[in-house]
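Data block for entry.txt (compact mmCIF, C-alpha atoms (C1' of nucleotides)):
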# COMPACT_ATOMS: atom_id res chain seq x y z
CA MET A 576 -0.86 46.81 43.43
CA ALA A 577 -2.90 49.59 41.94
CA GLY A 578 -6.13 48.34 43.47
CA PRO A 579 -9.58 49.13 42.20
CA HIS A 580 -10.09 52.43 40.46
CA PRO A 581 -11.50 55.21 42.65
CA GLY A 582 -14.28 55.67 40.12
CA LEU A 583 -15.48 52.15 40.74
CA LEU A 584 -15.25 52.62 44.49
CA MET A 585 -17.32 55.77 44.25
CA PHE A 586 -19.86 53.94 42.18
CA ILE A 587 -20.16 51.29 44.86
CA GLY A 588 -20.60 53.89 47.56
CA ALA A 589 -23.15 55.86 45.60
CA ARG A 590 -25.11 52.72 44.79
CA TYR A 591 -25.14 51.81 48.47
CA VAL A 592 -26.56 55.16 49.47
CA GLU A 593 -29.24 55.11 46.80
CA GLN A 594 -30.24 51.58 47.72
CA ARG A 595 -30.41 52.26 51.42
CA VAL A 596 -32.40 55.46 51.09
CA SER A 597 -34.75 53.83 48.64
CA ASP A 598 -35.23 50.88 51.02
CA ALA A 599 -36.04 53.23 53.88
CA VAL A 600 -38.59 55.07 51.82
CA LEU A 601 -40.16 51.83 50.69
CA ALA A 602 -40.23 50.47 54.21
CA ALA A 603 -42.13 53.55 55.31
CA GLY A 604 -44.86 52.58 52.90
CA TYR A 605 -44.17 54.80 49.92
CA ASP A 606 -44.27 51.99 47.42
CA ASP A 607 -45.34 54.02 44.40
CA LEU A 608 -42.09 55.96 44.08
CA THR A 609 -39.73 54.77 41.37
CA PRO A 610 -36.03 55.71 41.53
CA ALA A 611 -36.41 58.13 38.64
CA MET A 612 -39.35 59.83 40.32
CA ALA A 613 -37.41 60.12 43.55
CA ARG A 614 -34.41 61.65 41.82
CA ALA A 615 -36.63 64.28 40.25
CA ALA A 616 -38.55 64.93 43.44
CA ALA A 617 -35.31 65.57 45.31
CA ARG A 618 -34.96 68.84 43.42
CA LEU A 619 -38.36 70.23 44.28
CA SER A 620 -39.50 72.63 46.96
CA GLU A 621 -42.43 74.86 47.85
CA GLU A 622 -40.81 77.50 45.71
CA GLY A 623 -41.84 75.80 42.52
CA ILE A 624 -39.83 75.15 39.41
CA ARG A 625 -40.62 74.91 35.72
CA VAL A 626 -40.46 71.58 33.99
CA THR A 627 -37.83 72.87 31.59
CA GLU A 628 -35.64 74.10 34.41
CA LEU A 629 -36.04 70.83 36.27
CA ALA A 630 -35.00 68.98 33.14
CA GLU A 631 -31.84 71.05 32.83
CA GLN A 632 -30.85 70.48 36.42
CA ALA A 633 -31.46 66.76 36.21
CA ARG A 634 -29.85 66.60 32.78
CA ILE A 635 -32.74 64.92 31.09
CA THR A 636 -35.01 66.10 28.28
CA LYS A 637 -38.04 68.17 29.11
CA GLN A 638 -40.19 65.34 27.78
CA SER A 639 -38.75 62.93 30.30
CA ALA A 640 -39.06 65.47 33.08
CA SER A 641 -42.64 66.13 32.09
CA ALA A 642 -43.49 62.45 32.26
CA LEU A 643 -41.92 62.09 35.69
CA VAL A 644 -43.75 65.12 37.02
CA GLU A 645 -46.97 63.67 35.70
CA GLN A 646 -46.43 60.46 37.64
CA LEU A 647 -45.43 62.38 40.73
CA GLU A 648 -48.60 64.41 40.44
CA ARG A 649 -50.77 61.33 40.03
CA CYS A 650 -49.25 59.93 43.23
CA ARG A 651 -49.77 63.25 45.01
CA TYR A 652 -46.12 63.98 45.67
CA VAL A 653 -46.27 67.27 43.78
CA GLU A 654 -48.75 69.79 42.44
CA ARG A 655 -48.67 71.93 39.36
CA VAL A 656 -49.81 75.51 39.55
CA PRO A 657 -49.86 78.15 36.84
CA ASP A 658 -46.86 80.42 36.74
CA PRO A 659 -48.15 83.94 37.45
CA SER A 660 -45.32 85.48 35.48
CA ASP A 661 -45.73 83.46 32.29
CA ALA A 662 -48.93 82.01 30.91
CA ARG A 663 -47.07 79.34 28.99
CA ALA A 664 -45.45 77.89 32.07
CA ARG A 665 -46.60 75.97 35.10
CA LEU A 666 -44.73 75.62 38.36
CA VAL A 667 -44.10 72.23 39.88
CA VAL A 668 -44.45 72.50 43.63
CA ILE A 669 -43.70 69.90 46.26
CA ALA A 670 -46.82 68.63 48.06
CA PRO A 671 -47.09 67.60 51.72
CA ARG A 672 -46.70 63.95 50.83
CA GLY A 673 -43.55 64.83 48.92
CA ARG A 674 -42.17 66.76 51.86
CA GLU A 675 -42.63 63.75 54.10
CA VAL A 676 -40.51 61.63 51.83
CA GLN A 677 -37.83 64.27 51.53
CA ARG A 678 -37.58 64.46 55.31
CA LEU A 679 -37.40 60.69 55.53
CA ALA A 680 -34.67 60.52 52.91
CA ARG A 681 -32.59 63.18 54.61
CA ARG A 682 -32.89 61.39 57.90
CA GLU A 683 -31.60 58.18 56.31
CA GLU A 684 -28.74 60.05 54.68
CA ARG A 685 -27.69 61.44 58.01
CA ALA A 686 -27.80 57.93 59.45
CA ILE A 687 -25.54 56.72 56.68
CA GLU A 688 -23.09 59.49 57.37
CA ARG A 689 -23.02 58.54 61.02
CA ASP A 690 -22.37 54.90 60.13
CA TRP A 691 -19.58 55.83 57.80
CA ALA A 692 -17.99 58.17 60.31
CA ARG A 693 -18.11 55.44 62.91
CA HIS A 694 -16.43 52.99 60.55
CA LEU A 695 -13.74 55.36 59.30
CA GLY A 696 -13.18 57.53 62.32
CA ALA A 697 -13.78 61.25 62.33
CA GLU A 698 -10.47 62.12 60.77
CA ARG A 699 -10.65 59.85 57.74
CA MET A 700 -14.27 60.74 57.26
CA ALA A 701 -13.35 64.42 57.13
CA ALA A 702 -10.55 63.67 54.69
CA LEU A 703 -12.98 61.78 52.47
CA GLN A 704 -15.47 64.60 52.46
CA ASP A 705 -12.74 67.10 51.80
CA ALA A 706 -11.29 65.21 48.87
CA LEU A 707 -14.70 64.56 47.33
CA VAL A 708 -15.64 68.22 47.53
CA ALA A 709 -12.32 69.27 46.01
CA LEU A 710 -12.68 66.70 43.26
CA ARG A 711 -16.04 68.04 42.33
CA GLU A 712 -14.34 71.16 41.07
CA ILE A 713 -13.00 69.20 38.14
CA THR A 714 -15.60 66.46 37.78
CA ASP A 715 -18.65 68.72 37.89
CA PRO A 716 -17.53 72.05 36.49
CA TYR A 717 -21.06 73.21 35.84
CA ALA A 718 -21.92 72.83 39.50
CA GLU A 719 -25.15 71.04 39.97
CA ARG A 720 -26.86 72.05 43.15
CA ALA A 721 -27.20 69.63 46.03
CA MET B 80 -22.83 73.72 57.04
CA ALA B 81 -23.45 70.08 56.31
CA GLY B 82 -22.62 70.38 52.62
CA PRO B 83 -23.65 67.90 50.02
CA HIS B 84 -23.97 64.29 51.03
CA PRO B 85 -20.90 62.15 50.30
CA GLY B 86 -23.15 59.74 48.41
CA LEU B 87 -24.02 62.48 45.96
CA LEU B 88 -20.40 63.50 45.59
CA MET B 89 -19.46 59.91 44.86
CA PHE B 90 -22.20 59.72 42.29
CA ILE B 91 -20.81 62.78 40.55
CA GLY B 92 -17.31 61.35 40.55
CA ALA B 93 -18.44 57.96 39.29
CA ARG B 94 -20.50 59.56 36.55
CA TYR B 95 -17.51 61.62 35.48
CA VAL B 96 -15.32 58.55 35.16
CA GLU B 97 -17.90 56.58 33.23
CA GLN B 98 -18.50 59.48 30.88
CA ARG B 99 -14.85 60.13 30.25
CA VAL B 100 -13.96 56.51 29.63
CA SER B 101 -16.96 56.07 27.40
CA ASP B 102 -15.99 59.19 25.43
CA ALA B 103 -12.46 57.90 24.97
CA VAL B 104 -13.74 54.56 23.69
CA LEU B 105 -16.13 56.28 21.34
CA ALA B 106 -13.45 58.64 20.08
CA ALA B 107 -11.31 55.65 19.22
CA GLY B 108 -14.02 54.50 16.87
CA TYR B 109 -15.83 51.86 18.90
CA ASP B 110 -19.26 53.31 18.32
CA ASP B 111 -21.28 50.11 18.67
CA LEU B 112 -20.64 49.69 22.39
CA THR B 113 -23.49 50.70 24.67
CA PRO B 114 -22.81 51.45 28.35
CA ALA B 115 -24.48 48.23 29.44
CA MET B 116 -22.40 46.20 27.02
CA ALA B 117 -19.24 47.89 28.26
CA ARG B 118 -20.09 47.20 31.87
CA ALA B 119 -20.57 43.54 31.12
CA ALA B 120 -17.46 43.33 28.96
CA ALA B 121 -15.36 44.75 31.76
CA ARG B 122 -15.76 41.48 33.61
CA LEU B 123 -14.55 39.24 30.83
CA SER B 124 -11.16 37.72 30.11
CA GLU B 125 -9.57 34.94 28.07
CA GLU B 126 -10.41 32.62 30.93
CA GLY B 127 -14.06 32.51 30.01
CA ILE B 128 -17.09 32.76 32.21
CA ARG B 129 -20.59 31.33 32.12
CA VAL B 130 -23.50 33.60 31.43
CA THR B 131 -25.08 32.70 34.75
CA GLU B 132 -21.94 33.55 36.65
CA LEU B 133 -21.57 36.82 34.76
CA ALA B 134 -25.13 37.69 35.65
CA GLU B 135 -24.47 37.11 39.34
CA GLN B 136 -21.37 39.25 39.34
CA ALA B 137 -23.07 42.07 37.48
CA ARG B 138 -26.22 41.66 39.61
CA ILE B 139 -28.58 41.30 36.70
CA THR B 140 -30.74 38.40 35.60
CA LYS B 141 -29.27 35.72 33.39
CA GLN B 142 -31.70 36.75 30.69
CA SER B 143 -30.33 40.27 30.65
CA ALA B 144 -26.76 39.01 30.72
CA SER B 145 -27.54 36.65 27.88
CA ALA B 146 -28.89 39.47 25.75
CA LEU B 147 -25.84 41.62 26.39
CA VAL B 148 -23.47 38.79 25.52
CA GLU B 149 -25.39 38.24 22.32
CA GLN B 150 -24.90 41.86 21.31
CA LEU B 151 -21.23 41.74 22.27
CA GLU B 152 -20.81 38.64 20.17
CA ARG B 153 -22.52 40.21 17.18
CA CYS B 154 -20.10 43.14 17.42
CA ARG B 155 -17.14 40.75 17.76
CA TYR B 156 -16.11 41.86 21.23
CA VAL B 157 -16.52 38.35 22.66
CA GLU B 158 -16.81 34.74 21.54
CA ARG B 159 -18.75 31.89 23.00
CA VAL B 160 -17.14 28.48 23.21
CA PRO B 161 -18.55 25.25 24.62
CA ASP B 162 -17.61 24.54 28.22
CA PRO B 163 -15.57 21.34 28.15
CA SER B 164 -16.60 20.48 31.68
CA ASP B 165 -20.36 20.83 31.21
CA ALA B 166 -22.24 20.24 27.99
CA ARG B 167 -25.08 22.54 29.03
CA ALA B 168 -22.83 25.53 29.46
CA ARG B 169 -20.91 27.78 27.14
CA LEU B 170 -18.03 30.02 28.10
CA VAL B 171 -18.01 33.68 27.18
CA VAL B 172 -14.46 34.63 26.23
CA ILE B 173 -13.08 38.05 25.45
CA ALA B 174 -12.06 38.48 21.78
CA PRO B 175 -9.16 40.53 20.44
CA ARG B 176 -11.43 43.45 19.66
CA GLY B 177 -12.69 43.31 23.23
CA ARG B 178 -9.16 43.29 24.60
CA GLU B 179 -8.33 46.41 22.66
CA VAL B 180 -11.19 48.27 24.28
CA GLN B 181 -10.27 47.01 27.73
CA ARG B 182 -6.73 48.29 27.28
CA LEU B 183 -8.04 51.61 26.04
CA ALA B 184 -10.38 51.95 29.00
CA ARG B 185 -7.65 51.15 31.49
CA ARG B 186 -5.38 53.70 29.92
CA GLU B 187 -8.06 56.35 30.29
CA GLU B 188 -8.67 55.36 33.89
CA ARG B 189 -5.02 55.80 34.67
CA ALA B 190 -5.11 59.21 33.03
CA ILE B 191 -8.04 60.18 35.23
CA GLU B 192 -6.17 59.06 38.30
CA ARG B 193 -3.20 61.19 37.30
CA ASP B 194 -5.46 64.20 36.79
CA TRP B 195 -7.11 63.72 40.12
CA ALA B 196 -3.79 63.26 41.89
CA ARG B 197 -2.51 66.45 40.30
CA HIS B 198 -5.59 68.35 41.46
CA LEU B 199 -5.66 66.98 44.99
CA GLY B 200 -2.00 66.45 45.66
CA ALA B 201 -0.52 63.05 46.43
CA GLU B 202 -1.46 63.11 50.06
CA ARG B 203 -5.14 63.89 49.71
CA MET B 204 -5.39 61.50 46.80
CA ALA B 205 -4.01 58.72 48.97
CA ALA B 206 -6.40 59.64 51.75
CA LEU B 207 -9.30 59.47 49.31
CA GLN B 208 -8.29 56.07 48.01
CA ASP B 209 -7.76 54.82 51.53
CA ALA B 210 -11.15 55.99 52.77
CA LEU B 211 -12.96 54.61 49.74
CA VAL B 212 -11.36 51.21 50.12
CA ALA B 213 -12.18 51.12 53.81
CA LEU B 214 -15.73 52.17 53.14
CA ARG B 215 -16.20 49.36 50.71
CA GLU B 216 -16.04 46.97 53.60
CA ILE B 217 -19.44 48.13 54.73
CA THR B 218 -20.99 49.27 51.46
CA ASP B 219 -20.12 46.17 49.45
CA PRO B 220 -19.97 43.34 51.94
CA TYR B 221 -20.26 40.68 49.26
CA ALA B 222 -17.11 41.96 47.58
CA GLU B 223 -17.57 42.39 43.92
CA ARG B 224 -14.32 42.05 42.01
CA ALA B 225 -12.79 44.98 40.19
C1' DC C 1375 -48.10 97.36 15.57
C1' DT C 1376 -46.70 93.55 13.53
C1' DG C 1377 -44.06 89.82 11.96
C1' DA C 1378 -40.08 86.82 13.11
C1' DT C 1379 -37.97 84.27 16.55
C1' DA C 1380 -37.51 82.20 21.02
C1' DT C 1381 -39.44 79.66 24.79
C1' DA C 1382 -42.74 76.41 27.76
C1' DG C 1383 -44.71 72.44 27.21
C1' DT C 1384 -47.13 68.33 24.96
C1' DC C 1385 -47.93 64.41 21.70
C1' DA C 1386 -46.31 60.51 19.28
C1' DG C 1387 -43.06 57.13 18.46
C1' DT C 1388 -38.62 54.59 19.31
C1' DC C 1389 -35.11 52.21 21.86
C1' DG C 1390 -32.19 50.13 25.47
C1' DG C 1391 -31.97 47.44 29.18
C1' DG C 1392 -33.86 45.88 33.00
C1' DC C 1393 -37.66 42.36 34.82
C1' DT C 1394 -40.83 37.84 35.38
C1' DG C 1395 -42.55 33.40 33.97
C1' DA C 1396 -42.41 29.34 31.24
C1' DC C 1397 -39.70 26.27 29.25
C1' DC C 1398 -35.83 22.87 27.39
C1' DA C 1399 -31.60 20.19 27.87
C1' DA C 1400 -28.01 18.30 30.43
C1' DT C 1401 -26.29 16.96 34.88
C1' DA C 1402 -26.16 15.18 39.57
C1' DC C 1403 -27.87 12.49 43.10
C1' DG C 1404 -30.78 9.58 46.33
C1' DC D 1168 -33.42 5.07 37.36
C1' DG D 1169 -36.32 9.00 38.30
C1' DT D 1170 -36.30 13.33 40.32
C1' DA D 1171 -34.37 17.70 41.48
C1' DT D 1172 -30.96 21.06 40.09
C1' DT D 1173 -28.62 23.88 36.95
C1' DG D 1174 -27.27 26.47 32.39
C1' DG D 1175 -29.52 28.79 29.19
C1' DT D 1176 -33.23 30.47 25.92
C1' DC D 1177 -37.88 32.29 24.46
C1' DA D 1178 -41.67 35.42 25.03
C1' DG D 1179 -43.66 39.30 26.84
C1' DC D 1180 -43.74 43.34 29.84
C1' DC D 1181 -42.33 47.94 31.78
C1' DC D 1182 -39.72 52.01 32.84
C1' DG D 1183 -37.27 55.77 31.61
C1' DA D 1184 -34.47 57.69 28.52
C1' DC D 1185 -34.39 59.74 23.53
C1' DT D 1186 -35.82 62.47 18.86
C1' DG D 1187 -38.99 64.99 16.05
C1' DA D 1188 -43.01 67.55 15.25
C1' DC D 1189 -46.27 70.52 17.05
C1' DT D 1190 -49.14 74.39 19.84
C1' DA D 1191 -49.39 78.42 22.45
C1' DT D 1192 -47.44 82.28 24.52
C1' DA D 1193 -43.73 85.84 24.86
C1' DT D 1194 -40.39 88.89 23.24
C1' DC D 1195 -38.06 91.80 20.26
C1' DA D 1196 -36.76 94.43 15.89
C1' DG D 1197 -38.20 97.41 12.56
Please render this file's structure as structure tokens.
Amino acid sequence: MAGPHPGLLMFIGARYVEQRVSDAVLAAGYDDLTPAMARAAARLSEEGIRVTELAEQARITKQSASALVEQLERCRYVERVPDPSDARARLVVIAPRGREVQRLARREERAIERDWARHLGAERMAALQDALVALREITDPYAERA
Amino acid sequence: MAGPHPGLLMFIGARYVEQRVSDAVLAAGYDDLTPAMARAAARLSEEGIRVTELAEQARITKQSASALVEQLERCRYVERVPDPSDARARLVVIAPRGREVQRLARREERAIERDWARHLGAERMAALQDALVALREITDPYAERA
DNA sequence: CTGATATAGTCAGTCGGGCTGACCAATACG
DNA sequence: CGTATTGGTCAGCCCGACTGACTATATCAG
């Protein structure tokens, strides 16, 4: 009776979202963005961030983060500028091309939410969101930012 | 207001489950099981399955599946026996050592469910499960088995 | 001030786990 | 039968993680 484990169901849902967003981005002609690049780029803004900090947030090594940023730079999704407050560091800043993709991705995410709400009904959708947020308190104690 | 996207929240939850189960398995001394091997092994039973079929279910190529089965066999988690109904094929069958790990993993999953239920309360937990199952209808139309 | 330590980042090398393409062996079928 | 299909392997590639060793700058204690 138990049915599939909620962890598996969440995995399926998460995979669906990633696939659909990635398809939308690809369909819009951004064919040089790998999933790993996209995941890193999602955390960038005009503000700028250091490679080390990015690595911590994404929970990868700074070497991996550095490699991803390099690719992103080559494809003109980001730029690297010197950090005025520390000569050792450089800030990774989102570039216009990167912003476009971020906007696109967010639009697709909103579309997914609408689809889900339509399928579940507003009430169950709210309950889902509520439970997921509450669960995060114990599954992600170190609070990664959205 | 919008809050984090449900897809991201599901990703966090799924990652938590995978990590915790994998930790439990490791702590029990099964240190030669990689995540990919474990994912493949989860789909095996005494019944036996062909590599090609396993590949389809896991959505990887038969070459990848074949490599994983080879590793699993080397570590004595599975055995390969000839398929009596087709001389080309061989059946991948779970071995005793593999069964042990499966039992261990299921036990940990149940523990996670208890923890989650305690944190959310029975009602919200049920609502979560309900919504996730319903959502699967549109996020996994080709119905992968648990 | 200076020397020790910490921090930002890179270089080099490894590994796991996906992928494609080419291929072999057995089976099924017109 | 001969041809197409199917189960599976072999070979080679690539991406994205990892560790370890290193440079350059910053910071802090004495």
* Kindly provide, as a list in words, the residues of chain A having any atom no farther than 8 Å from an atom of chain C, counting only C-alpha atoms (C1' of nucleotides). =>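 Taken together, these residues fit the definition: Thr627, Arg663 and Ala664 of chain A.
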Output file for the residues above (C-alpha atoms, as a JSON list (two decimals), keeping the file's coordinate frame):
[["chain", "number", "residue", "atom", "x", "y", "z"],
["A", 627, "THR", "CA", -37.83, 72.87, 31.59],
["A", 663, "ARG", "CA", -47.07, 79.34, 28.99],
["A", 664, "ALA", "CA", -45.45, 77.89, 32.07]]
Where does chain B end up after superposition onto chain A over all in-order Cα pairs? Give it as a JSON list (two decimals) with C-alpha atoms, in the coordinates of the input.
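Written out: superposed_11.json:
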[["chain", "number", "residue", "atom", "x", "y", "z"],
["B", 80, "MET", "CA", -0.78, 47.06, 43.58],
["B", 81, "ALA", "CA", -2.95, 49.62, 41.88],
["B", 82, "GLY", "CA", -6.16, 48.40, 43.48],
["B", 83, "PRO", "CA", -9.59, 49.15, 42.19],
["B", 84, "HIS", "CA", -10.14, 52.43, 40.42],
["B", 85, "PRO", "CA", -11.54, 55.21, 42.62],
["B", 86, "GLY", "CA", -14.34, 55.67, 40.09],
["B", 87, "LEU", "CA", -15.51, 52.14, 40.75],
["B", 88, "LEU", "CA", -15.27, 52.61, 44.50],
["B", 89, "MET", "CA", -17.35, 55.76, 44.24],
["B", 90, "PHE", "CA", -19.89, 53.90, 42.18],
["B", 91, "ILE", "CA", -20.18, 51.26, 44.88],
["B", 92, "GLY", "CA", -20.61, 53.88, 47.57],
["B", 93, "ALA", "CA", -23.18, 55.84, 45.60],
["B", 94, "ARG", "CA", -25.13, 52.69, 44.83],
["B", 95, "TYR", "CA", -25.14, 51.78, 48.50],
["B", 96, "VAL", "CA", -26.58, 55.13, 49.48],
["B", 97, "GLU", "CA", -29.25, 55.07, 46.82],
["B", 98, "GLN", "CA", -30.25, 51.55, 47.76],
["B", 99, "ARG", "CA", -30.40, 52.25, 51.45],
["B", 100, "VAL", "CA", -32.39, 55.44, 51.12],
["B", 101, "SER", "CA", -34.74, 53.82, 48.67],
["B", 102, "ASP", "CA", -35.23, 50.88, 51.05],
["B", 103, "ALA", "CA", -36.02, 53.22, 53.91],
["B", 104, "VAL", "CA", -38.60, 55.07, 51.82],
["B", 105, "LEU", "CA", -40.15, 51.83, 50.71],
["B", 106, "ALA", "CA", -40.23, 50.47, 54.25],
["B", 107, "ALA", "CA", -42.13, 53.55, 55.32],
["B", 108, "GLY", "CA", -44.86, 52.59, 52.91],
["B", 109, "TYR", "CA", -44.16, 54.81, 49.92],
["B", 110, "ASP", "CA", -44.25, 52.00, 47.41],
["B", 111, "ASP", "CA", -45.32, 54.01, 44.37],
["B", 112, "LEU", "CA", -42.06, 55.94, 44.06],
["B", 113, "THR", "CA", -39.70, 54.75, 41.35],
["B", 114, "PRO", "CA", -36.00, 55.70, 41.50],
["B", 115, "ALA", "CA", -36.38, 58.13, 38.62],
["B", 116, "MET", "CA", -39.32, 59.82, 40.29],
["B", 117, "ALA", "CA", -37.37, 60.11, 43.53],
["B", 118, "ARG", "CA", -34.39, 61.63, 41.78],
["B", 119, "ALA", "CA", -36.57, 64.25, 40.21],
["B", 120, "ALA", "CA", -38.49, 64.92, 43.41],
["B", 121, "ALA", "CA", -35.27, 65.56, 45.27],
["B", 122, "ARG", "CA", -34.92, 68.81, 43.38],
["B", 123, "LEU", "CA", -38.31, 70.21, 44.25],
["B", 124, "SER", "CA", -39.43, 72.60, 46.96],
["B", 125, "GLU", "CA", -42.35, 74.86, 47.84],
["B", 126, "GLU", "CA", -40.72, 77.50, 45.68],
["B", 127, "GLY", "CA", -41.76, 75.79, 42.49],
["B", 128, "ILE", "CA", -39.79, 75.14, 39.37],
["B", 129, "ARG", "CA", -40.60, 74.90, 35.69],
["B", 130, "VAL", "CA", -40.44, 71.57, 33.96],
["B", 131, "THR", "CA", -37.84, 72.87, 31.54],
["B", 132, "GLU", "CA", -35.62, 74.09, 34.33],
["B", 133, "LEU", "CA", -36.01, 70.81, 36.19],
["B", 134, "ALA", "CA", -35.00, 68.96, 33.07],
["B", 135, "GLU", "CA", -31.84, 71.02, 32.73],
["B", 136, "GLN", "CA", -30.84, 70.47, 36.32],
["B", 137, "ALA", "CA", -31.47, 66.74, 36.13],
["B", 138, "ARG", "CA", -29.83, 66.57, 32.68],
["B", 139, "ILE", "CA", -32.74, 64.89, 30.98],
["B", 140, "THR", "CA", -35.01, 66.08, 28.20],
["B", 141, "LYS", "CA", -38.05, 68.15, 29.04],
["B", 142, "GLN", "CA", -40.20, 65.35, 27.72],
["B", 143, "SER", "CA", -38.76, 62.92, 30.23],
["B", 144, "ALA", "CA", -39.04, 65.44, 33.03],
["B", 145, "SER", "CA", -42.63, 66.11, 32.06],
["B", 146, "ALA", "CA", -43.49, 62.43, 32.24],
["B", 147, "LEU", "CA", -41.90, 62.08, 35.66],
["B", 148, "VAL", "CA", -43.74, 65.11, 37.00],
["B", 149, "GLU", "CA", -46.97, 63.67, 35.70],
["B", 150, "GLN", "CA", -46.40, 60.45, 37.62],
["B", 151, "LEU", "CA", -45.41, 62.37, 40.74],
["B", 152, "GLU", "CA", -48.57, 64.41, 40.45],
["B", 153, "ARG", "CA", -50.74, 61.34, 40.04],
["B", 154, "CYS", "CA", -49.23, 59.93, 43.24],
["B", 155, "ARG", "CA", -49.75, 63.26, 45.03],
["B", 156, "TYR", "CA", -46.09, 63.96, 45.67],
["B", 157, "VAL", "CA", -46.22, 67.27, 43.77],
["B", 158, "GLU", "CA", -48.72, 69.80, 42.46],
["B", 159, "ARG", "CA", -48.62, 71.94, 39.39],
["B", 160, "VAL", "CA", -49.74, 75.54, 39.62],
["B", 161, "PRO", "CA", -49.82, 78.20, 36.91],
["B", 162, "ASP", "CA", -46.78, 80.45, 36.80],
["B", 163, "PRO", "CA", -48.05, 83.95, 37.55],
["B", 164, "SER", "CA", -45.22, 85.51, 35.60],
["B", 165, "ASP", "CA", -45.67, 83.54, 32.38],
["B", 166, "ALA", "CA", -48.93, 82.13, 31.10],
["B", 167, "ARG", "CA", -47.18, 79.42, 29.10],
["B", 168, "ALA", "CA", -45.48, 77.95, 32.13],
["B", 169, "ARG", "CA", -46.60, 76.01, 35.14],
["B", 170, "LEU", "CA", -44.69, 75.62, 38.37],
["B", 171, "VAL", "CA", -44.05, 72.21, 39.86],
["B", 172, "VAL", "CA", -44.37, 72.50, 43.63],
["B", 173, "ILE", "CA", -43.64, 69.90, 46.25],
["B", 174, "ALA", "CA", -46.78, 68.64, 48.07],
["B", 175, "PRO", "CA", -47.04, 67.61, 51.72],
["B", 176, "ARG", "CA", -46.67, 63.95, 50.83],
["B", 177, "GLY", "CA", -43.52, 64.83, 48.91],
["B", 178, "ARG", "CA", -42.12, 66.75, 51.85],
["B", 179, "GLU", "CA", -42.60, 63.77, 54.10],
["B", 180, "VAL", "CA", -40.49, 61.62, 51.82],
["B", 181, "GLN", "CA", -37.81, 64.27, 51.52],
["B", 182, "ARG", "CA", -37.55, 64.46, 55.30],
["B", 183, "LEU", "CA", -37.39, 60.69, 55.52],
["B", 184, "ALA", "CA", -34.66, 60.51, 52.91],
["B", 185, "ARG", "CA", -32.58, 63.17, 54.62],
["B", 186, "ARG", "CA", -32.89, 61.38, 57.91],
["B", 187, "GLU", "CA", -31.59, 58.19, 56.32],
["B", 188, "GLU", "CA", -28.73, 60.06, 54.69],
["B", 189, "ARG", "CA", -27.68, 61.43, 58.03],
["B", 190, "ALA", "CA", -27.80, 57.94, 59.48],
["B", 191, "ILE", "CA", -25.53, 56.72, 56.70],
["B", 192, "GLU", "CA", -23.10, 59.50, 57.40],
["B", 193, "ARG", "CA", -23.02, 58.55, 61.07],
["B", 194, "ASP", "CA", -22.37, 54.92, 60.16],
["B", 195, "TRP", "CA", -19.59, 55.84, 57.82],
["B", 196, "ALA", "CA", -18.01, 58.19, 60.34],
["B", 197, "ARG", "CA", -18.12, 55.45, 62.95],
["B", 198, "HIS", "CA", -16.43, 53.02, 60.57],
["B", 199, "LEU", "CA", -13.76, 55.40, 59.32],
["B", 200, "GLY", "CA", -13.20, 57.56, 62.34],
["B", 201, "ALA", "CA", -13.81, 61.29, 62.34],
["B", 202, "GLU", "CA", -10.51, 62.15, 60.78],
["B", 203, "ARG", "CA", -10.68, 59.89, 57.76],
["B", 204, "MET", "CA", -14.31, 60.77, 57.27],
["B", 205, "ALA", "CA", -13.39, 64.44, 57.12],
["B", 206, "ALA", "CA", -10.59, 63.69, 54.70],
["B", 207, "LEU", "CA", -13.01, 61.80, 52.48],
["B", 208, "GLN", "CA", -15.53, 64.61, 52.46],
["B", 209, "ASP", "CA", -12.80, 67.13, 51.80],
["B", 210, "ALA", "CA", -11.34, 65.22, 48.87],
["B", 211, "LEU", "CA", -14.75, 64.58, 47.33],
["B", 212, "VAL", "CA", -15.71, 68.23, 47.52],
["B", 213, "ALA", "CA", -12.41, 69.28, 46.00],
["B", 214, "LEU", "CA", -12.75, 66.73, 43.26],
["B", 215, "ARG", "CA", -16.13, 68.05, 42.33],
["B", 216, "GLU", "CA", -14.45, 71.15, 41.05],
["B", 217, "ILE", "CA", -13.10, 69.20, 38.13],
["B", 218, "THR", "CA", -15.69, 66.46, 37.77],
["B", 219, "ASP", "CA", -18.75, 68.71, 37.87],
["B", 220, "PRO", "CA", -17.61, 72.04, 36.51],
["B", 221, "TYR", "CA", -21.15, 73.22, 35.85],
["B", 222, "ALA", "CA", -22.02, 72.81, 39.52],
["B", 223, "GLU", "CA", -25.21, 70.97, 39.98],
["B", 224, "ARG", "CA", -26.95, 71.89, 43.21],
["B", 225, "ALA", "CA", -27.36, 69.39, 46.01]]
Could you list, as a PDB file with C-alpha atoms (C1' of nucleotides), keeping the file's coordinate frame, the residues of chain D having an atom within 9 Å of chain B when counting all atoms listed in the file?
ATOM      1  C1'  DT D1173     -28.620  23.880  36.950  1.00  0.00           C
ATOM      2  C1'  DG D1174     -27.270  26.470  32.390  1.00  0.00           C
ATOM      3  C1'  DG D1175     -29.520  28.790  29.190  1.00  0.00           C
ATOM      4  C1'  DT D1176     -33.230  30.470  25.920  1.00  0.00           C
TER       5       DT D1176
END
* One-decimal distance in Å that lies between atom CA of Arg99 of chain B and atom CA of Leu199 of chain B ->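 Answer for the atom CA of Leu199 of chain B to atom CA of Arg99 of chain B separation: 18.7 Å.
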* Could you please tell me, as an MDAnalysis selection string, which residues of chain B have an atom within 10 Å of chain A when using all atoms listed in the file? => chainID B and resid 81:97 99 185 188:189 191:192 194:196 198:200 203:219 223:225
* Quick one, how far is atom CA of Ser124 of chain B from atom CA of Val172 of chain B? ->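 According to the coordinates, atom CA of Ser124 of chain B and atom CA of Val172 of chain B are separated by 6.0 Å.
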